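Chemist: Right, I'll just put the structure down here and ask away after.
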Amino acid sequence: MKEALVFGRTLPEAYHAALRELSHSGEISDCADWNTTQRELSMTFQVAEPLGEPMISKLFIGGPEELEQYRQEMLDGILDFEVEAGKWAYTYHERMAEQFPFIVEELKRNPSSRRAVLLIRDWRKDSASDDPACLQHIQYFIRNDKLDCIVTFRSNDACKATYMNAFALIMLQARFAEQLGVGVGTYTHRAN
């Protein structure tokens with residue numbers, strides 16, 4: 001499988017560079033789970049200034065209402081009731097919220113720690129699911145008085161999901177940075 005690495009100062013710059021790279025270097029492969037084909041490329045993109053303006057991409061599918069709902073869903077769990085009602089197998093918030101205090105406590109305890117990791121994958125549930133979690137884990141580092149964030153996805157739909165995922169995860173990074181009293185560092189998004 002091909003591998004790509006792209007950069008941008010802002011989230012839209014990095015996202016647009018990732019879309020161009022996927023279009024240019026991606027290879028068509030089978031997607032048996034959905035009975036179709038897909039353009040596939042293992043890629044990492046890095047955002048140098050995650051809160052830099054402009055933050056909103058004109059290329060993402062959706063509008064400001066959908067983006068805000070997704071941010072609230074990921075950070076605050078506004079749709080966790082769908083899991084409780086049995087309509088959804090999980091939300092990312094439901095899988096990671098219990099771990100939020102650990103991130104702040106660990107980085108306050110040891111600002112140079114490499115242990116500040118949120119685990120999303122639930123092996124028992126995901127291996128038996130038709131819709132396993134794409135987001136696998138998130139790791140935070142304090143370097144140069146800024147909170148850097150690295151996320152790993154097992155798979156990520158470039159057009160329908162990547163931008164909203166990255167936007168919400170940057171907002172979570174900013175929330176943790178504020179709680180820690182540090183700046184927001186780089187955001188690195190890896191999709192296998």
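The way I read the labels, and the way they are meant: chains A, B, ... in the order of the structure tokens, residue 1 as the first residue of every chain, and ligand 1 as the first ligand shown, with later ones counted on from there.
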At a cut-off of 10 Å, using only C-alpha atoms, what residues contact Asp157 of chain A? Leave out same-chain residues fewer than 2 positions from it and give the result as a ChimeraX atom specification.

Modeler: /A:38-40,134,155,159-163,165,191

Chemist: Skip segment 119-121 of chain A itself and residues of its chain fewer than 6 positions away, then list as number ranges by chain all residues within 10 Å of it, counting only C-alpha atoms.

Modeler: A: 91-96, 99, 127, 132-139, 152-154

Chemist: Would you return as a PDB file with N, CA, C and O atoms, in the first residue's frame the members of chain A that DSSP assigns to helix (DSSP H, G or I) on this structure's backbone?

Modeler:
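After the write, result-v6.pdb holds the following:
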```
ATOM      1  N   LEU A  11      -6.073  23.743   9.272  1.00  0.00           N
ATOM      2  CA  LEU A  11      -6.795  22.500   8.985  1.00  0.00           C
ATOM      3  C   LEU A  11      -7.254  22.445   7.533  1.00  0.00           C
ATOM      4  O   LEU A  11      -7.027  21.431   6.863  1.00  0.00           O
ATOM      5  N   PRO A  12      -7.906  23.480   6.983  1.00  0.00           N
ATOM      6  CA  PRO A  12      -8.307  23.388   5.576  1.00  0.00           C
ATOM      7  C   PRO A  12      -7.124  23.166   4.626  1.00  0.00           C
ATOM      8  O   PRO A  12      -7.232  22.376   3.688  1.00  0.00           O
ATOM      9  N   GLU A  13      -5.995  23.828   4.871  1.00  0.00           N
ATOM     10  CA  GLU A  13      -4.829  23.621   4.000  1.00  0.00           C
ATOM     11  C   GLU A  13      -4.381  22.163   4.014  1.00  0.00           C
ATOM     12  O   GLU A  13      -4.108  21.572   2.975  1.00  0.00           O
ATOM     13  N   ALA A  14      -4.280  21.589   5.197  1.00  0.00           N
ATOM     14  CA  ALA A  14      -3.842  20.196   5.310  1.00  0.00           C
ATOM     15  C   ALA A  14      -4.882  19.253   4.712  1.00  0.00           C
ATOM     16  O   ALA A  14      -4.530  18.305   3.998  1.00  0.00           O
ATOM     17  N   TYR A  15      -6.156  19.501   4.989  1.00  0.00           N
ATOM     18  CA  TYR A  15      -7.231  18.656   4.463  1.00  0.00           C
ATOM     19  C   TYR A  15      -7.271  18.712   2.936  1.00  0.00           C
ATOM     20  O   TYR A  15      -7.372  17.677   2.274  1.00  0.00           O
ATOM     21  N   HIS A  16      -7.156  19.902   2.368  1.00  0.00           N
ATOM     22  CA  HIS A  16      -7.185  20.032   0.908  1.00  0.00           C
ATOM     23  C   HIS A  16      -5.967  19.364   0.281  1.00  0.00           C
ATOM     24  O   HIS A  16      -6.087  18.701  -0.758  1.00  0.00           O
ATOM     25  N   ALA A  17      -4.808  19.493   0.915  1.00  0.00           N
ATOM     26  CA  ALA A  17      -3.613  18.808   0.421  1.00  0.00           C
ATOM     27  C   ALA A  17      -3.799  17.293   0.475  1.00  0.00           C
ATOM     28  O   ALA A  17      -3.371  16.577  -0.439  1.00  0.00           O
ATOM     29  N   ALA A  18      -4.458  16.808   1.524  1.00  0.00           N
ATOM     30  CA  ALA A  18      -4.717  15.366   1.649  1.00  0.00           C
ATOM     31  C   ALA A  18      -5.659  14.889   0.543  1.00  0.00           C
ATOM     32  O   ALA A  18      -5.442  13.819  -0.046  1.00  0.00           O
ATOM     33  N   LEU A  19      -6.701  15.676   0.245  1.00  0.00           N
ATOM     34  CA  LEU A  19      -7.619  15.302  -0.833  1.00  0.00           C
ATOM     35  C   LEU A  19      -6.894  15.260  -2.182  1.00  0.00           C
ATOM     36  O   LEU A  19      -7.110  14.341  -2.985  1.00  0.00           O
ATOM     37  N   ARG A  20      -6.036  16.251  -2.445  1.00  0.00           N
ATOM     38  CA  ARG A  20      -5.265  16.257  -3.700  1.00  0.00           C
ATOM     39  C   ARG A  20      -4.355  15.042  -3.783  1.00  0.00           C
ATOM     40  O   ARG A  20      -4.266  14.394  -4.826  1.00  0.00           O
ATOM     41  N   GLU A  21      -3.689  14.729  -2.669  1.00  0.00           N
ATOM     42  CA  GLU A  21      -2.775  13.589  -2.668  1.00  0.00           C
ATOM     43  C   GLU A  21      -3.540  12.276  -2.878  1.00  0.00           C
ATOM     44  O   GLU A  21      -3.076  11.401  -3.607  1.00  0.00           O
ATOM     45  N   LEU A  22      -4.691  12.150  -2.249  1.00  0.00           N
ATOM     46  CA  LEU A  22      -5.516  10.953  -2.449  1.00  0.00           C
ATOM     47  C   LEU A  22      -5.931  10.826  -3.909  1.00  0.00           C
ATOM     48  O   LEU A  22      -5.842   9.748  -4.499  1.00  0.00           O
ATOM     49  N   SER A  23      -6.348  11.931  -4.507  1.00  0.00           N
ATOM     50  CA  SER A  23      -6.760  11.918  -5.907  1.00  0.00           C
ATOM     51  C   SER A  23      -5.593  11.561  -6.823  1.00  0.00           C
ATOM     52  O   SER A  23      -5.746  10.800  -7.772  1.00  0.00           O
ATOM     53  N   HIS A  24      -4.414  12.096  -6.504  1.00  0.00           N
ATOM     54  CA  HIS A  24      -3.240  11.889  -7.353  1.00  0.00           C
ATOM     55  C   HIS A  24      -2.594  10.513  -7.159  1.00  0.00           C
ATOM     56  O   HIS A  24      -2.224   9.851  -8.122  1.00  0.00           O
ATOM     57  N   SER A  25      -2.455  10.083  -5.906  1.00  0.00           N
ATOM     58  CA  SER A  25      -1.662   8.883  -5.607  1.00  0.00           C
ATOM     59  C   SER A  25      -2.472   7.677  -5.152  1.00  0.00           C
ATOM     60  O   SER A  25      -1.931   6.582  -5.059  1.00  0.00           O
ATOM     61  N   ALA A  32     -15.055  -4.753   0.006  1.00  0.00           N
ATOM     62  CA  ALA A  32     -16.045  -5.831   0.055  1.00  0.00           C
ATOM     63  C   ALA A  32     -17.133  -5.589   1.096  1.00  0.00           C
ATOM     64  O   ALA A  32     -18.288  -5.976   0.883  1.00  0.00           O
ATOM     65  N   ASP A  33     -16.800  -4.949   2.210  1.00  0.00           N
ATOM     66  CA  ASP A  33     -17.805  -4.704   3.247  1.00  0.00           C
ATOM     67  C   ASP A  33     -18.960  -3.864   2.735  1.00  0.00           C
ATOM     68  O   ASP A  33     -20.070  -3.941   3.260  1.00  0.00           O
ATOM     69  N   TRP A  34     -18.704  -3.031   1.740  1.00  0.00           N
ATOM     70  CA  TRP A  34     -19.742  -2.140   1.199  1.00  0.00           C
ATOM     71  C   TRP A  34     -20.076  -2.475  -0.249  1.00  0.00           C
ATOM     72  O   TRP A  34     -20.788  -1.737  -0.920  1.00  0.00           O
ATOM     73  N   PRO A  64     -22.512  24.459   8.844  1.00  0.00           N
ATOM     74  CA  PRO A  64     -22.125  24.802  10.214  1.00  0.00           C
ATOM     75  C   PRO A  64     -22.928  24.078  11.280  1.00  0.00           C
ATOM     76  O   PRO A  64     -22.392  23.743  12.338  1.00  0.00           O
ATOM     77  N   GLU A  65     -24.199  23.803  11.017  1.00  0.00           N
ATOM     78  CA  GLU A  65     -25.018  23.099  12.014  1.00  0.00           C
ATOM     79  C   GLU A  65     -24.526  21.671  12.225  1.00  0.00           C
ATOM     80  O   GLU A  65     -24.392  21.210  13.354  1.00  0.00           O
ATOM     81  N   GLU A  66     -24.231  20.985  11.125  1.00  0.00           N
ATOM     82  CA  GLU A  66     -23.735  19.608  11.231  1.00  0.00           C
ATOM     83  C   GLU A  66     -22.371  19.571  11.920  1.00  0.00           C
ATOM     84  O   GLU A  66     -22.099  18.671  12.720  1.00  0.00           O
ATOM     85  N   LEU A  67     -21.540  20.551  11.614  1.00  0.00           N
ATOM     86  CA  LEU A  67     -20.210  20.596  12.216  1.00  0.00           C
ATOM     87  C   LEU A  67     -20.300  20.840  13.721  1.00  0.00           C
ATOM     88  O   LEU A  67     -19.629  20.175  14.514  1.00  0.00           O
ATOM     89  N   GLU A  68     -21.159  21.756  14.123  1.00  0.00           N
ATOM     90  CA  GLU A  68     -21.323  22.039  15.553  1.00  0.00           C
ATOM     91  C   GLU A  68     -21.943  20.849  16.280  1.00  0.00           C
ATOM     92  O   GLU A  68     -21.542  20.507  17.395  1.00  0.00           O
ATOM     93  N   GLN A  69     -22.916  20.193  15.655  1.00  0.00           N
ATOM     94  CA  GLN A  69     -23.509  19.010  16.285  1.00  0.00           C
ATOM     95  C   GLN A  69     -22.459  17.926  16.471  1.00  0.00           C
ATOM     96  O   GLN A  69     -22.394  17.295  17.525  1.00  0.00           O
ATOM     97  N   TYR A  70     -21.613  17.725  15.446  1.00  0.00           N
ATOM     98  CA  TYR A  70     -20.589  16.694  15.561  1.00  0.00           C
ATOM     99  C   TYR A  70     -19.576  17.049  16.653  1.00  0.00           C
ATOM    100  O   TYR A  70     -19.145  16.188  17.412  1.00  0.00           O
ATOM    101  N   ARG A  71     -19.200  18.325  16.746  1.00  0.00           N
ATOM    102  CA  ARG A  71     -18.285  18.756  17.802  1.00  0.00           C
ATOM    103  C   ARG A  71     -18.889  18.451  19.174  1.00  0.00           C
ATOM    104  O   ARG A  71     -18.234  17.885  20.044  1.00  0.00           O
ATOM    105  N   GLN A  72     -20.160  18.791  19.356  1.00  0.00           N
ATOM    106  CA  GLN A  72     -20.822  18.528  20.634  1.00  0.00           C
ATOM    107  C   GLN A  72     -20.992  17.033  20.884  1.00  0.00           C
ATOM    108  O   GLN A  72     -20.890  16.575  22.021  1.00  0.00           O
ATOM    109  N   GLU A  73     -21.235  16.282  19.825  1.00  0.00           N
ATOM    110  CA  GLU A  73     -21.356  14.829  19.970  1.00  0.00           C
ATOM    111  C   GLU A  73     -20.037  14.242  20.455  1.00  0.00           C
ATOM    112  O   GLU A  73     -20.004  13.447  21.403  1.00  0.00           O
ATOM    113  N   MET A  74     -18.926  14.639  19.850  1.00  0.00           N
ATOM    114  CA  MET A  74     -17.626  14.075  20.205  1.00  0.00           C
ATOM    115  C   MET A  74     -17.153  14.554  21.576  1.00  0.00           C
ATOM    116  O   MET A  74     -16.681  13.761  22.379  1.00  0.00           O
ATOM    117  N   LEU A  75     -17.294  15.851  21.880  1.00  0.00           N
ATOM    118  CA  LEU A  75     -16.744  16.405  23.116  1.00  0.00           C
ATOM    119  C   LEU A  75     -17.675  16.286  24.312  1.00  0.00           C
ATOM    120  O   LEU A  75     -17.216  16.101  25.439  1.00  0.00           O
ATOM    121  N   ASP A  76     -18.975  16.405  24.069  1.00  0.00           N
ATOM    122  CA  ASP A  76     -19.927  16.505  25.180  1.00  0.00           C
ATOM    123  C   ASP A  76     -20.947  15.365  25.245  1.00  0.00           C
ATOM    124  O   ASP A  76     -21.733  15.305  26.186  1.00  0.00           O
ATOM    125  N   PHE A  81     -27.185   9.107  24.169  1.00  0.00           N
ATOM    126  CA  PHE A  81     -28.465   8.448  24.463  1.00  0.00           C
ATOM    127  C   PHE A  81     -28.830   7.442  23.366  1.00  0.00           C
ATOM    128  O   PHE A  81     -29.569   6.495  23.619  1.00  0.00           O
ATOM    129  N   GLU A  82     -28.290   7.608  22.161  1.00  0.00           N
ATOM    130  CA  GLU A  82     -28.567   6.648  21.077  1.00  0.00           C
ATOM    131  C   GLU A  82     -27.974   5.277  21.399  1.00  0.00           C
ATOM    132  O   GLU A  82     -28.539   4.251  21.031  1.00  0.00           O
ATOM    133  N   VAL A  83     -26.850   5.254  22.102  1.00  0.00           N
ATOM    134  CA  VAL A  83     -26.246   3.989  22.535  1.00  0.00           C
ATOM    135  C   VAL A  83     -27.111   3.373  23.618  1.00  0.00           C
ATOM    136  O   VAL A  83     -27.428   2.172  23.575  1.00  0.00           O
ATOM    137  N   GLU A  84     -27.512   4.198  24.593  1.00  0.00           N
ATOM    138  CA  GLU A  84     -28.349   3.718  25.689  1.00  0.00           C
ATOM    139  C   GLU A  84     -29.681   3.180  25.176  1.00  0.00           C
ATOM    140  O   GLU A  84     -30.225   2.220  25.729  1.00  0.00           O
ATOM    141  N   TYR A  92     -18.070   7.969  19.781  1.00  0.00           N
ATOM    142  CA  TYR A  92     -16.689   8.175  20.224  1.00  0.00           C
ATOM    143  C   TYR A  92     -16.673   8.745  21.628  1.00  0.00           C
ATOM    144  O   TYR A  92     -15.861   8.333  22.462  1.00  0.00           O
ATOM    145  N   HIS A  93     -17.567   9.665  21.926  1.00  0.00           N
ATOM    146  CA  HIS A  93     -17.607  10.248  23.267  1.00  0.00           C
ATOM    147  C   HIS A  93     -17.850   9.171  24.321  1.00  0.00           C
ATOM    148  O   HIS A  93     -17.175   9.139  25.353  1.00  0.00           O
ATOM    149  N   GLU A  94     -18.799   8.308  24.064  1.00  0.00           N
ATOM    150  CA  GLU A  94     -19.130   7.255  25.020  1.00  0.00           C
ATOM    151  C   GLU A  94     -17.916   6.368  25.289  1.00  0.00           C
ATOM    152  O   GLU A  94     -17.708   5.913  26.412  1.00  0.00           O
ATOM    153  N   ARG A  95     -17.080   6.168  24.276  1.00  0.00           N
ATOM    154  CA  ARG A  95     -15.899   5.331  24.446  1.00  0.00           C
ATOM    155  C   ARG A  95     -14.738   6.042  25.126  1.00  0.00           C
ATOM    156  O   ARG A  95     -13.886   5.396  25.721  1.00  0.00           O
ATOM    157  N   MET A  96     -14.691   7.377  25.029  1.00  0.00           N
ATOM    158  CA  MET A  96     -13.493   8.034  25.553  1.00  0.00           C
ATOM    159  C   MET A  96     -13.715   8.970  26.732  1.00  0.00           C
ATOM    160  O   MET A  96     -12.756   9.309  27.427  1.00  0.00           O
ATOM    161  N   ALA A  97     -14.937   9.385  27.008  1.00  0.00           N
ATOM    162  CA  ALA A  97     -15.183  10.402  28.043  1.00  0.00           C
ATOM    163  C   ALA A  97     -14.649   9.993  29.410  1.00  0.00           C
ATOM    164  O   ALA A  97     -14.098  10.827  30.149  1.00  0.00           O
ATOM    165  N   GLU A  98     -14.788   8.742  29.750  1.00  0.00           N
ATOM    166  CA  GLU A  98     -14.311   8.248  31.038  1.00  0.00           C
ATOM    167  C   GLU A  98     -12.795   8.427  31.180  1.00  0.00           C
ATOM    168  O   GLU A  98     -12.265   8.527  32.288  1.00  0.00           O
ATOM    169  N   GLN A  99     -12.108   8.511  30.044  1.00  0.00           N
ATOM    170  CA  GLN A  99     -10.650   8.634  30.050  1.00  0.00           C
ATOM    171  C   GLN A  99     -10.173  10.091  30.061  1.00  0.00           C
ATOM    172  O   GLN A  99      -8.983  10.350  30.263  1.00  0.00           O
ATOM    173  N   PHE A 100     -11.059  11.048  29.815  1.00  0.00           N
ATOM    174  CA  PHE A 100     -10.666  12.467  29.741  1.00  0.00           C
ATOM    175  C   PHE A 100      -9.884  12.937  30.965  1.00  0.00           C
ATOM    176  O   PHE A 100      -8.829  13.564  30.817  1.00  0.00           O
ATOM    177  N   PRO A 101     -10.364  12.664  32.206  1.00  0.00           N
ATOM    178  CA  PRO A 101      -9.611  13.149  33.376  1.00  0.00           C
ATOM    179  C   PRO A 101      -8.184  12.603  33.427  1.00  0.00           C
ATOM    180  O   PRO A 101      -7.271  13.307  33.863  1.00  0.00           O
ATOM    181  N   PHE A 102      -7.999  11.374  32.958  1.00  0.00           N
ATOM    182  CA  PHE A 102      -6.661  10.776  32.976  1.00  0.00           C
ATOM    183  C   PHE A 102      -5.678  11.597  32.147  1.00  0.00           C
ATOM    184  O   PHE A 102      -4.519  11.788  32.553  1.00  0.00           O
ATOM    185  N   ILE A 103      -6.111  12.077  30.973  1.00  0.00           N
ATOM    186  CA  ILE A 103      -5.213  12.833  30.102  1.00  0.00           C
ATOM    187  C   ILE A 103      -4.673  14.052  30.843  1.00  0.00           C
ATOM    188  O   ILE A 103      -3.459  14.300  30.862  1.00  0.00           O
ATOM    189  N   VAL A 104      -5.564  14.813  31.438  1.00  0.00           N
ATOM    190  CA  VAL A 104      -5.152  16.022  32.149  1.00  0.00           C
ATOM    191  C   VAL A 104      -4.304  15.668  33.365  1.00  0.00           C
ATOM    192  O   VAL A 104      -3.239  16.271  33.590  1.00  0.00           O
ATOM    193  N   GLU A 105      -4.736  14.678  34.151  1.00  0.00           N
ATOM    194  CA  GLU A 105      -3.981  14.283  35.347  1.00  0.00           C
ATOM    195  C   GLU A 105      -2.579  13.790  34.991  1.00  0.00           C
ATOM    196  O   GLU A 105      -1.603  14.143  35.655  1.00  0.00           O
ATOM    197  N   GLU A 106      -2.485  12.975  33.945  1.00  0.00           N
ATOM    198  CA  GLU A 106      -1.190  12.422  33.555  1.00  0.00           C
ATOM    199  C   GLU A 106      -0.236  13.516  33.093  1.00  0.00           C
ATOM    200  O   GLU A 106       0.934  13.529  33.458  1.00  0.00           O
ATOM    201  N   LEU A 107      -0.729  14.457  32.310  1.00  0.00           N
ATOM    202  CA  LEU A 107       0.149  15.509  31.800  1.00  0.00           C
ATOM    203  C   LEU A 107       0.469  16.568  32.850  1.00  0.00           C
ATOM    204  O   LEU A 107       1.501  17.223  32.764  1.00  0.00           O
ATOM    205  N   LYS A 108      -0.393  16.710  33.857  1.00  0.00           N
ATOM    206  CA  LYS A 108      -0.042  17.571  34.991  1.00  0.00           C
ATOM    207  C   LYS A 108       1.018  16.877  35.842  1.00  0.00           C
ATOM    208  O   LYS A 108       1.941  17.517  36.344  1.00  0.00           O
ATOM    209  N   ARG A 109       0.872  15.571  36.021  1.00  0.00           N
ATOM    210  CA  ARG A 109       1.827  14.789  36.810  1.00  0.00           C
ATOM    211  C   ARG A 109       3.199  14.802  36.160  1.00  0.00           C
ATOM    212  O   ARG A 109       4.215  14.986  36.817  1.00  0.00           O
ATOM    213  N   TRP A 123     -11.917  -4.105  21.427  1.00  0.00           N
ATOM    214  CA  TRP A 123     -11.685  -5.287  20.621  1.00  0.00           C
ATOM    215  C   TRP A 123     -12.872  -6.237  20.623  1.00  0.00           C
ATOM    216  O   TRP A 123     -13.290  -6.731  19.584  1.00  0.00           O
ATOM    217  N   ARG A 124     -13.435  -6.508  21.784  1.00  0.00           N
ATOM    218  CA  ARG A 124     -14.546  -7.470  21.864  1.00  0.00           C
ATOM    219  C   ARG A 124     -15.750  -7.001  21.056  1.00  0.00           C
ATOM    220  O   ARG A 124     -16.353  -7.774  20.326  1.00  0.00           O
ATOM    221  N   LYS A 125     -16.104  -5.729  21.194  1.00  0.00           N
ATOM    222  CA  LYS A 125     -17.267  -5.205  20.462  1.00  0.00           C
ATOM    223  C   LYS A 125     -16.956  -4.996  18.990  1.00  0.00           C
ATOM    224  O   LYS A 125     -17.755  -5.350  18.124  1.00  0.00           O
ATOM    225  N   ASP A 126     -15.807  -4.397  18.692  1.00  0.00           N
ATOM    226  CA  ASP A 126     -15.502  -4.035  17.303  1.00  0.00           C
ATOM    227  C   ASP A 126     -15.246  -5.244  16.413  1.00  0.00           C
ATOM    228  O   ASP A 126     -15.582  -5.218  15.229  1.00  0.00           O
ATOM    229  N   THR A 162     -13.418  12.730   7.318  1.00  0.00           N
ATOM    230  CA  THR A 162     -12.112  13.195   7.785  1.00  0.00           C
ATOM    231  C   THR A 162     -12.133  14.615   8.319  1.00  0.00           C
ATOM    232  O   THR A 162     -11.613  14.881   9.410  1.00  0.00           O
ATOM    233  N   TYR A 163     -12.723  15.540   7.578  1.00  0.00           N
ATOM    234  CA  TYR A 163     -12.689  16.933   8.020  1.00  0.00           C
ATOM    235  C   TYR A 163     -13.406  17.112   9.356  1.00  0.00           C
ATOM    236  O   TYR A 163     -12.876  17.734  10.275  1.00  0.00           O
ATOM    237  N   MET A 164     -14.617  16.551   9.469  1.00  0.00           N
ATOM    238  CA  MET A 164     -15.371  16.707  10.719  1.00  0.00           C
ATOM    239  C   MET A 164     -14.666  16.013  11.871  1.00  0.00           C
ATOM    240  O   MET A 164     -14.632  16.540  12.982  1.00  0.00           O
ATOM    241  N   ASN A 165     -14.089  14.838  11.622  1.00  0.00           N
ATOM    242  CA  ASN A 165     -13.316  14.157  12.666  1.00  0.00           C
ATOM    243  C   ASN A 165     -12.186  15.057  13.153  1.00  0.00           C
ATOM    244  O   ASN A 165     -12.019  15.278  14.358  1.00  0.00           O
ATOM    245  N   ALA A 166     -11.394  15.581  12.217  1.00  0.00           N
ATOM    246  CA  ALA A 166     -10.238  16.399  12.579  1.00  0.00           C
ATOM    247  C   ALA A 166     -10.679  17.670  13.307  1.00  0.00           C
ATOM    248  O   ALA A 166     -10.074  18.042  14.320  1.00  0.00           O
ATOM    249  N   PHE A 167     -11.722  18.316  12.825  1.00  0.00           N
ATOM    250  CA  PHE A 167     -12.199  19.546  13.462  1.00  0.00           C
ATOM    251  C   PHE A 167     -12.574  19.280  14.919  1.00  0.00           C
ATOM    252  O   PHE A 167     -12.141  19.992  15.825  1.00  0.00           O
ATOM    253  N   ALA A 168     -13.375  18.246  15.156  1.00  0.00           N
ATOM    254  CA  ALA A 168     -13.816  17.937  16.523  1.00  0.00           C
ATOM    255  C   ALA A 168     -12.638  17.527  17.403  1.00  0.00           C
ATOM    256  O   ALA A 168     -12.560  17.928  18.575  1.00  0.00           O
ATOM    257  N   LEU A 169     -11.709  16.768  16.856  1.00  0.00           N
ATOM    258  CA  LEU A 169     -10.560  16.333  17.655  1.00  0.00           C
ATOM    259  C   LEU A 169      -9.631  17.500  17.976  1.00  0.00           C
ATOM    260  O   LEU A 169      -9.017  17.535  19.056  1.00  0.00           O
ATOM    261  N   ILE A 170      -9.541  18.480  17.088  1.00  0.00           N
ATOM    262  CA  ILE A 170      -8.780  19.692  17.394  1.00  0.00           C
ATOM    263  C   ILE A 170      -9.470  20.470  18.513  1.00  0.00           C
ATOM    264  O   ILE A 170      -8.806  21.017  19.402  1.00  0.00           O
ATOM    265  N   MET A 171     -10.788  20.500  18.506  1.00  0.00           N
ATOM    266  CA  MET A 171     -11.512  21.183  19.582  1.00  0.00           C
ATOM    267  C   MET A 171     -11.280  20.483  20.921  1.00  0.00           C
ATOM    268  O   MET A 171     -11.160  21.135  21.968  1.00  0.00           O
ATOM    269  N   LEU A 172     -11.188  19.154  20.909  1.00  0.00           N
ATOM    270  CA  LEU A 172     -10.869  18.412  22.130  1.00  0.00           C
ATOM    271  C   LEU A 172      -9.441  18.719  22.573  1.00  0.00           C
ATOM    272  O   LEU A 172      -9.185  18.938  23.766  1.00  0.00           O
ATOM    273  N   GLN A 173      -8.517  18.770  21.632  1.00  0.00           N
ATOM    274  CA  GLN A 173      -7.133  19.134  21.932  1.00  0.00           C
ATOM    275  C   GLN A 173      -7.080  20.516  22.584  1.00  0.00           C
ATOM    276  O   GLN A 173      -6.382  20.715  23.585  1.00  0.00           O
ATOM    277  N   ALA A 174      -7.831  21.466  22.045  1.00  0.00           N
ATOM    278  CA  ALA A 174      -7.852  22.831  22.597  1.00  0.00           C
ATOM    279  C   ALA A 174      -8.435  22.845  24.005  1.00  0.00           C
ATOM    280  O   ALA A 174      -7.959  23.580  24.878  1.00  0.00           O
ATOM    281  N   ARG A 175      -9.446  22.020  24.250  1.00  0.00           N
ATOM    282  CA  ARG A 175     -10.046  21.938  25.588  1.00  0.00           C
ATOM    283  C   ARG A 175      -9.020  21.428  26.594  1.00  0.00           C
ATOM    284  O   ARG A 175      -8.871  21.984  27.678  1.00  0.00           O
ATOM    285  N   PHE A 176      -8.318  20.363  26.232  1.00  0.00           N
ATOM    286  CA  PHE A 176      -7.288  19.832  27.136  1.00  0.00           C
ATOM    287  C   PHE A 176      -6.166  20.849  27.339  1.00  0.00           C
ATOM    288  O   PHE A 176      -5.673  21.015  28.454  1.00  0.00           O
ATOM    289  N   ALA A 177      -5.744  21.528  26.275  1.00  0.00           N
ATOM    290  CA  ALA A 177      -4.676  22.527  26.396  1.00  0.00           C
ATOM    291  C   ALA A 177      -5.073  23.627  27.371  1.00  0.00           C
ATOM    292  O   ALA A 177      -4.263  24.047  28.210  1.00  0.00           O
ATOM    293  N   GLU A 178      -6.324  24.068  27.290  1.00  0.00           N
ATOM    294  CA  GLU A 178      -6.804  25.105  28.212  1.00  0.00           C
ATOM    295  C   GLU A 178      -6.766  24.601  29.653  1.00  0.00           C
ATOM    296  O   GLU A 178      -6.324  25.313  30.556  1.00  0.00           O
ATOM    297  N   GLN A 179      -7.223  23.371  29.878  1.00  0.00           N
ATOM    298  CA  GLN A 179      -7.214  22.803  31.219  1.00  0.00           C
ATOM    299  C   GLN A 179      -5.790  22.649  31.758  1.00  0.00           C
ATOM    300  O   GLN A 179      -5.571  22.723  32.963  1.00  0.00           O
ATOM    301  N   LEU A 180      -4.841  22.442  30.864  1.00  0.00           N
ATOM    302  CA  LEU A 180      -3.445  22.256  31.259  1.00  0.00           C
ATOM    303  C   LEU A 180      -2.678  23.569  31.324  1.00  0.00           C
ATOM    304  O   LEU A 180      -1.531  23.595  31.791  1.00  0.00           O
TER     305      LEU A 180
END
```

Chemist: From the DSSP assignment of the backbone, select every residue of segment 22-173 of chain A that is strand (DSSP E), and format the answer as a PyMOL selection string.

Modeler: chain A and resi 27-31+36-40+42-47+117-119+135-143+146-153

Chemist: Enumerate, in order of chain and increasing residue number, the residues of segment 37-80 of chain A with an atom no farther than 12 Å from segment 147-151 of chain A, each with its shortest atom pair and distance in Å to one decimal, counting only C-alpha atoms, as JSON lines.

Modeler:
```
{"residue": "A:Met43", "atom": "CA", "partner": "A:Val151", "partner_atom": "CA", "distance": 11.8}
{"residue": "A:Thr44", "atom": "CA", "partner": "A:Val151", "partner_atom": "CA", "distance": 9.5}
{"residue": "A:Phe45", "atom": "CA", "partner": "A:Ile150", "partner_atom": "CA", "distance": 10.0}
{"residue": "A:Gln46", "atom": "CA", "partner": "A:Ile150", "partner_atom": "CA", "distance": 8.9}
{"residue": "A:Val47", "atom": "CA", "partner": "A:Cys149", "partner_atom": "CA", "distance": 10.0}
{"residue": "A:Ala48", "atom": "CA", "partner": "A:Asp148", "partner_atom": "CA", "distance": 9.7}
{"residue": "A:Glu49", "atom": "CA", "partner": "A:Asp148", "partner_atom": "CA", "distance": 10.4}
{"residue": "A:Pro50", "atom": "CA", "partner": "A:Asp148", "partner_atom": "CA", "distance": 9.8}
```

Chemist: Please dump the current selection as a compact mmCIF listing (two decimals), in the first residue's frame; keep C-alpha atoms.

Modeler:
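The file below, part.txt, is the result:
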```txt
# COMPACT_ATOMS: atom_id res chain seq x y z
CA MET A 43 -1.85 8.90 4.76
CA THR A 44 -0.77 11.20 7.54
CA PHE A 45 -1.48 14.90 7.47
CA GLN A 46 -0.17 17.42 9.96
CA VAL A 47 -1.64 20.79 10.86
CA ALA A 48 0.93 23.29 12.15
CA GLU A 49 -1.60 25.76 13.58
CA PRO A 50 -4.79 23.80 14.35
```

Chemist: Give me, as a ChimeraX atom specification, all polymer residues having an atom no more than 10 Å from Met1 of chain A, counting only C-alpha atoms and skipping those fewer than 4 positions away in the same chain.

Modeler: /A:26-27,40-42,192

Chemist: Could you state the separation of atom CA of Tyr90 of chain A and atom CA of Asp131 of chain A in Å, given to one decimal place?

Modeler: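 Value for the atom CA of Tyr90 of chain A-atom CA of Asp131 of chain A distance: 9.4 Å.
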